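Enquirer: Just one file: target.cif, with mmCIF, C-alpha atoms.
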data_data
#
loop_
_atom_site.label_atom_id
_atom_site.label_comp_id
_atom_site.auth_asym_id
_atom_site.auth_seq_id
_atom_site.Cartn_x
_atom_site.Cartn_y
_atom_site.Cartn_z
CA MET A 835 64.94 125.50 98.70
CA PRO A 836 68.48 125.81 100.04
CA GLU A 837 68.93 126.38 103.75
CA THR A 838 69.34 129.99 104.83
CA PRO A 839 71.71 131.02 107.63
CA THR A 840 68.68 131.28 109.95
CA MET A 841 67.52 127.77 109.05
CA LEU A 842 71.01 126.38 109.68
CA VAL A 843 71.24 128.18 113.03
CA ASP A 844 67.84 126.81 114.08
CA LYS A 845 68.89 123.27 113.18
CA LEU A 846 72.24 123.61 114.99
CA LYS A 847 70.45 124.94 118.09
CA SER A 848 67.78 122.24 118.19
CA GLU A 849 70.23 119.42 117.50
CA GLY A 850 72.70 120.80 120.03
CA GLU A 851 70.01 120.97 122.72
CA LYS A 852 68.84 117.45 121.89
CA TYR A 853 72.31 115.95 122.18
CA SER A 854 73.27 117.99 125.25
CA SER A 855 70.18 116.63 126.98
CA PHE A 856 70.89 113.08 125.83
CA TYR A 857 74.53 113.09 126.96
CA GLY A 858 73.61 114.87 130.19
CA GLY A 859 71.31 111.98 131.16
CA LEU A 860 73.79 109.13 130.72
CA THR A 861 74.93 106.90 133.57
CA ASP A 862 78.59 106.13 134.28
CA GLU A 863 78.04 102.68 132.79
CA GLN A 864 76.53 104.07 129.58
CA TRP A 865 79.51 106.38 129.03
CA ARG A 866 81.73 103.27 128.89
CA LEU A 867 79.65 101.32 126.36
CA GLU A 868 81.65 100.34 123.30
CA VAL A 869 80.13 101.66 120.08
CA TYR A 870 82.84 101.11 117.48
CA THR A 871 85.17 98.14 117.83
CA GLU A 872 86.98 97.95 114.49
CA GLY A 873 90.46 99.38 114.93
CA ALA A 874 90.57 101.64 117.96
CA VAL A 875 87.63 101.02 120.30
CA TRP A 876 85.34 104.04 120.69
CA THR A 877 83.00 104.30 123.64
CA VAL A 878 80.07 106.68 124.04
CA ARG A 879 82.56 109.00 125.78
CA SER A 880 84.97 108.73 122.82
CA ILE A 881 82.20 109.75 120.44
CA LEU A 882 81.43 112.89 122.41
CA ALA A 883 85.15 113.74 122.49
CA HIS A 884 85.18 113.26 118.72
CA LEU A 885 82.17 115.53 118.21
CA VAL A 886 83.79 118.24 120.35
CA THR A 887 87.16 118.16 118.61
CA ALA A 888 85.68 117.88 115.13
CA GLU A 889 83.32 120.80 115.62
CA ARG A 890 86.08 122.92 117.14
CA ALA A 891 88.19 122.25 114.05
CA PHE A 892 85.25 122.91 111.72
CA VAL A 893 84.72 126.42 113.09
CA LYS A 894 88.34 127.22 112.16
CA LEU A 895 88.19 125.42 108.84
CA PHE A 896 84.93 127.07 107.79
CA GLU A 897 86.25 130.53 108.67
CA ASN A 898 89.32 129.80 106.54
CA ILE A 899 87.03 129.03 103.63
CA ARG A 900 84.80 132.04 104.29
CA GLN A 901 87.89 134.23 104.04
CA GLY A 902 88.84 132.69 100.67
CA GLY A 903 91.15 129.93 101.89
CA PRO A 904 91.22 126.44 100.38
CA GLY A 905 89.97 124.51 103.41
CA ALA A 906 91.46 121.16 104.39
CA ALA A 907 94.69 119.99 102.77
CA GLU A 908 94.27 117.37 100.05
CA ASP A 909 96.40 114.93 102.04
CA PHE A 910 94.49 115.48 105.31
CA SER A 911 93.96 112.18 107.14
CA ILE A 912 90.71 111.99 109.08
CA ASP A 913 91.84 108.82 110.86
CA ARG A 914 95.16 110.34 111.95
CA TYR A 915 93.42 113.53 113.12
CA ASN A 916 90.76 111.63 115.06
CA ALA A 917 93.37 109.44 116.75
CA SER A 918 95.42 112.46 117.81
CA GLN A 919 92.34 114.22 119.17
CA GLN A 920 91.26 111.15 121.15
CA GLU A 921 94.71 111.15 122.71
CA LYS A 922 94.49 114.87 123.55
CA THR A 923 91.10 114.48 125.24
CA LYS A 924 91.66 111.17 127.07
CA GLU A 925 91.97 112.84 130.49
CA LEU A 926 88.68 114.75 130.23
CA ASN A 927 85.72 113.28 132.06
CA PRO A 928 82.26 113.10 130.45
CA HIS A 929 81.02 116.21 132.29
CA GLU A 930 83.98 118.26 131.01
CA LEU A 931 83.38 116.98 127.49
CA LEU A 932 79.70 117.85 127.67
CA GLU A 933 80.53 121.40 128.76
CA GLN A 934 83.00 121.67 125.87
CA TYR A 935 80.33 120.35 123.48
CA LYS A 936 77.90 123.04 124.62
CA SER A 937 80.58 125.70 124.28
CA VAL A 938 81.77 124.70 120.83
CA ARG A 939 78.19 124.39 119.58
CA ALA A 940 77.46 127.89 120.87
CA ARG A 941 80.54 129.15 118.98
CA MET A 942 79.37 127.40 115.81
CA ILE A 943 75.89 128.92 116.15
CA GLU A 944 77.36 132.38 116.70
CA TRP A 945 79.62 131.98 113.66
CA VAL A 946 76.81 130.72 111.39
CA SER A 947 74.53 133.53 112.61
CA ALA A 948 76.90 136.07 111.09
CA LEU A 949 77.00 134.46 107.63
CA THR A 950 75.42 135.86 104.50
CA GLU A 951 73.89 133.93 101.64
CA ALA A 952 77.04 134.72 99.64
CA ASP A 953 79.19 133.19 102.40
CA LEU A 954 77.16 129.96 102.25
CA GLN A 955 77.97 129.63 98.55
CA LYS A 956 81.75 129.82 99.04
CA THR A 957 83.57 126.57 98.38
CA GLY A 958 86.54 124.81 99.86
CA ARG A 959 87.76 121.35 100.78
CA HIS A 960 86.02 119.52 103.61
CA PRO A 961 87.96 116.56 105.09
CA PHE A 962 85.13 114.11 104.33
CA LEU A 963 82.95 115.76 101.68
CA GLY A 964 85.76 117.02 99.46
CA VAL A 965 85.24 120.33 97.65
CA THR A 966 81.79 121.69 98.43
CA THR A 967 79.99 124.78 99.71
CA LEU A 968 80.00 126.11 103.25
CA ARG A 969 76.23 125.46 103.28
CA GLU A 970 76.83 121.73 102.77
CA MET A 971 79.65 121.70 105.31
CA ILE A 972 77.46 123.30 107.97
CA LYS A 973 74.69 120.80 107.26
CA MET A 974 77.25 118.03 107.73
CA VAL A 975 77.94 119.31 111.27
CA TYR A 976 74.51 118.28 112.49
CA LEU A 977 74.32 115.24 110.21
CA HIS A 978 77.63 114.09 111.69
CA ASN A 979 76.06 114.23 115.17
CA GLN A 980 73.01 112.33 113.92
CA ILE A 981 75.11 109.54 112.39
CA HIS A 982 77.03 108.93 115.61
CA TYR A 983 73.86 109.24 117.71
CA ARG A 984 72.18 106.57 115.60
CA ASP A 985 75.16 104.26 116.02
CA LEU A 986 75.37 104.66 119.78
CA LYS A 987 71.61 104.25 120.20
CA LYS A 988 71.91 100.83 118.52
CA VAL A 989 74.33 99.77 121.25
CA MET A 990 72.19 101.23 124.04
CA ASP A 991 68.81 99.82 122.94
#
Would you kindly transcribe this structure into structure tokens?
Expert:
Amino acid sequence: MPETPTMLVDKLKSEGEKYSSFYGGLTDEQWRLEVYTEGAVWTVRSILAHLVTAERAFVKLFENIRQGGPGAAEDFSIDRYNASQQEKTKELNPHELLEQYKSVRARMIEWVSALTEADLQKTGRHPFLGVTTLREMIKMVYLHNQIHYRDLKKVMD
């Protein structure tokens, strides 16, 4: 059975609370742990900055698609976007990033709460998934968090 807007909201809420709690309990040393070292080095802090900026962009992108727009440009570069967003957030401390994470997740939840089943079936281009439905894009929001969480837990354990 496909996820309903209510099911998606519930998942976004529970995942958001889980990760807010996790990030809120980190020590200064843990924030500096290196998670990804190929190319640009990403620390635990870098990952949270990435989650914040990606989700902020997704709210805008998904609304574009809901309104009948195409979504991401075919030539959109995830790597270039991520690098530019890391640069834009480099001065924010972990506490500021965590507050932004909570805020952007609340915006995403509010936006998804207003969707209809017909909205979830609308299609557009996602930067990673390609052309797919809004339902799949919203699911990718919390899966995206889970993927990075799994990777950083490997470094922390």
Enquirer: Set the distance at 12 Å and use all atoms listed in the file: which residues neighbour Tyr915 of chain A once local chain neighbours fewer than 5 positions away are removed? I'd like the list as a list in words.
Expert: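 Listed by chain and then number, they are His884, Thr887, Ala888, Ala891, Ala906, Asp909, Phe910, Gln920, Glu921, Lys922 and Pro961 of chain A.
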Enquirer: Would you mind reading off the distance between atom CA of Gln919 of chain A and atom CA of Thr966 of chain A, one decimal, in Å?
Expert: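 About the pair atom CA of Gln919 of chain A and atom CA of Thr966 of chain A: they are 24.4 Å apart.
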Enquirer: Would you compute the distance between atom CA of Lys987 of chain A and atom CA of Asn916 of chain A? Give it in Å to one decimal.
Expert: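 Atom-to-atom, atom CA of Lys987 of chain A to atom CA of Asn916 of chain A, that is 21.2 Å.
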Enquirer: Wanna dump the segment 859-900 of chain A-segment 838-854 of chain A contacts at 12 Å for me, each residue with its shortest atom pair and the distance in Å to one decimal, counting all atoms listed in the file, ordered by chain and number, as a tab-separated table?
Expert:
residue	atom	partner	partner_atom	distance
A:Gly859	CA	A:Ser854	CA	8.7
A:Leu860	CA	A:Ser854	CA	10.4
A:Ile881	CA	A:Tyr853	CA	11.8
A:Leu882	CA	A:Tyr853	CA	9.6
A:Leu885	CA	A:Tyr853	CA	10.6
A:Val886	CA	A:Gly850	CA	11.4
A:Glu889	CA	A:Leu846	CA	11.4
Enquirer: Nearest to Arg890 of chain A: which of A:Ala907, A:Ala874, A:Met942, A:Ala917 is it, counting only C-alpha atoms?
Expert: A:Met942
Enquirer: For this structure, which residues satisfy the selection - the PyMOL selection byres ((chain A and resi 875-877) around 12) - when it is evaluated on the file as given? I want them as a PyMOL selection string.
Expert: chain A and resi 862-874+878-884+916-917+920-921+924+928+982-983+985-987+989-990
Enquirer: Quick one: residues within 10 Å of (78.8, 121.8, 126.4) (file frame), counting only C-alpha atoms, please, as an mmCIF file with C-alpha atoms, in the coordinates of the input.
Expert:
data_model
loop_
_atom_site.group_PDB
_atom_site.id
_atom_site.type_symbol
_atom_site.label_atom_id
_atom_site.label_comp_id
_atom_site.auth_asym_id
_atom_site.auth_seq_id
_atom_site.Cartn_x
_atom_site.Cartn_y
_atom_site.Cartn_z
ATOM 1 C CA GLY A 850 72.700 120.800 120.030
ATOM 2 C CA GLU A 851 70.010 120.970 122.720
ATOM 3 C CA TYR A 853 72.310 115.950 122.180
ATOM 4 C CA SER A 854 73.270 117.990 125.250
ATOM 5 C CA TYR A 857 74.530 113.090 126.960
ATOM 6 C CA GLY A 858 73.610 114.870 130.190
ATOM 7 C CA VAL A 886 83.790 118.240 120.350
ATOM 8 C CA HIS A 929 81.020 116.210 132.290
ATOM 9 C CA GLU A 930 83.980 118.260 131.010
ATOM 10 C CA LEU A 931 83.380 116.980 127.490
ATOM 11 C CA LEU A 932 79.700 117.850 127.670
ATOM 12 C CA GLU A 933 80.530 121.400 128.760
ATOM 13 C CA GLN A 934 83.000 121.670 125.870
ATOM 14 C CA TYR A 935 80.330 120.350 123.480
ATOM 15 C CA LYS A 936 77.900 123.040 124.620
ATOM 16 C CA SER A 937 80.580 125.700 124.280
ATOM 17 C CA VAL A 938 81.770 124.700 120.830
ATOM 18 C CA ARG A 939 78.190 124.390 119.580
ATOM 19 C CA ALA A 940 77.460 127.890 120.870
#
Enquirer: In Å, with one decimal, what is the gap from atom CA of Glu944 of chain A to atom CA of Ser911 of chain A?
Expert: 27.8 Å
Enquirer: May I have the residues within 12 Å of Gln901 of chain A as a ChimeraX atom specification, using all atoms listed in the file and disregarding those fewer than 2 positions away in the same chain?
Expert: /A:894-899,903-905,949,952-954,956-958,968
Enquirer: Could you check the closest approach to Ile943 of chain A for each of A:Tyr976, A:Pro836, A:Glu925, A:Asp991 and tell me which residue wins, using only C-alpha atoms?
Expert: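 Smallest separation from Ile943 of chain A among the options: A:Tyr976.
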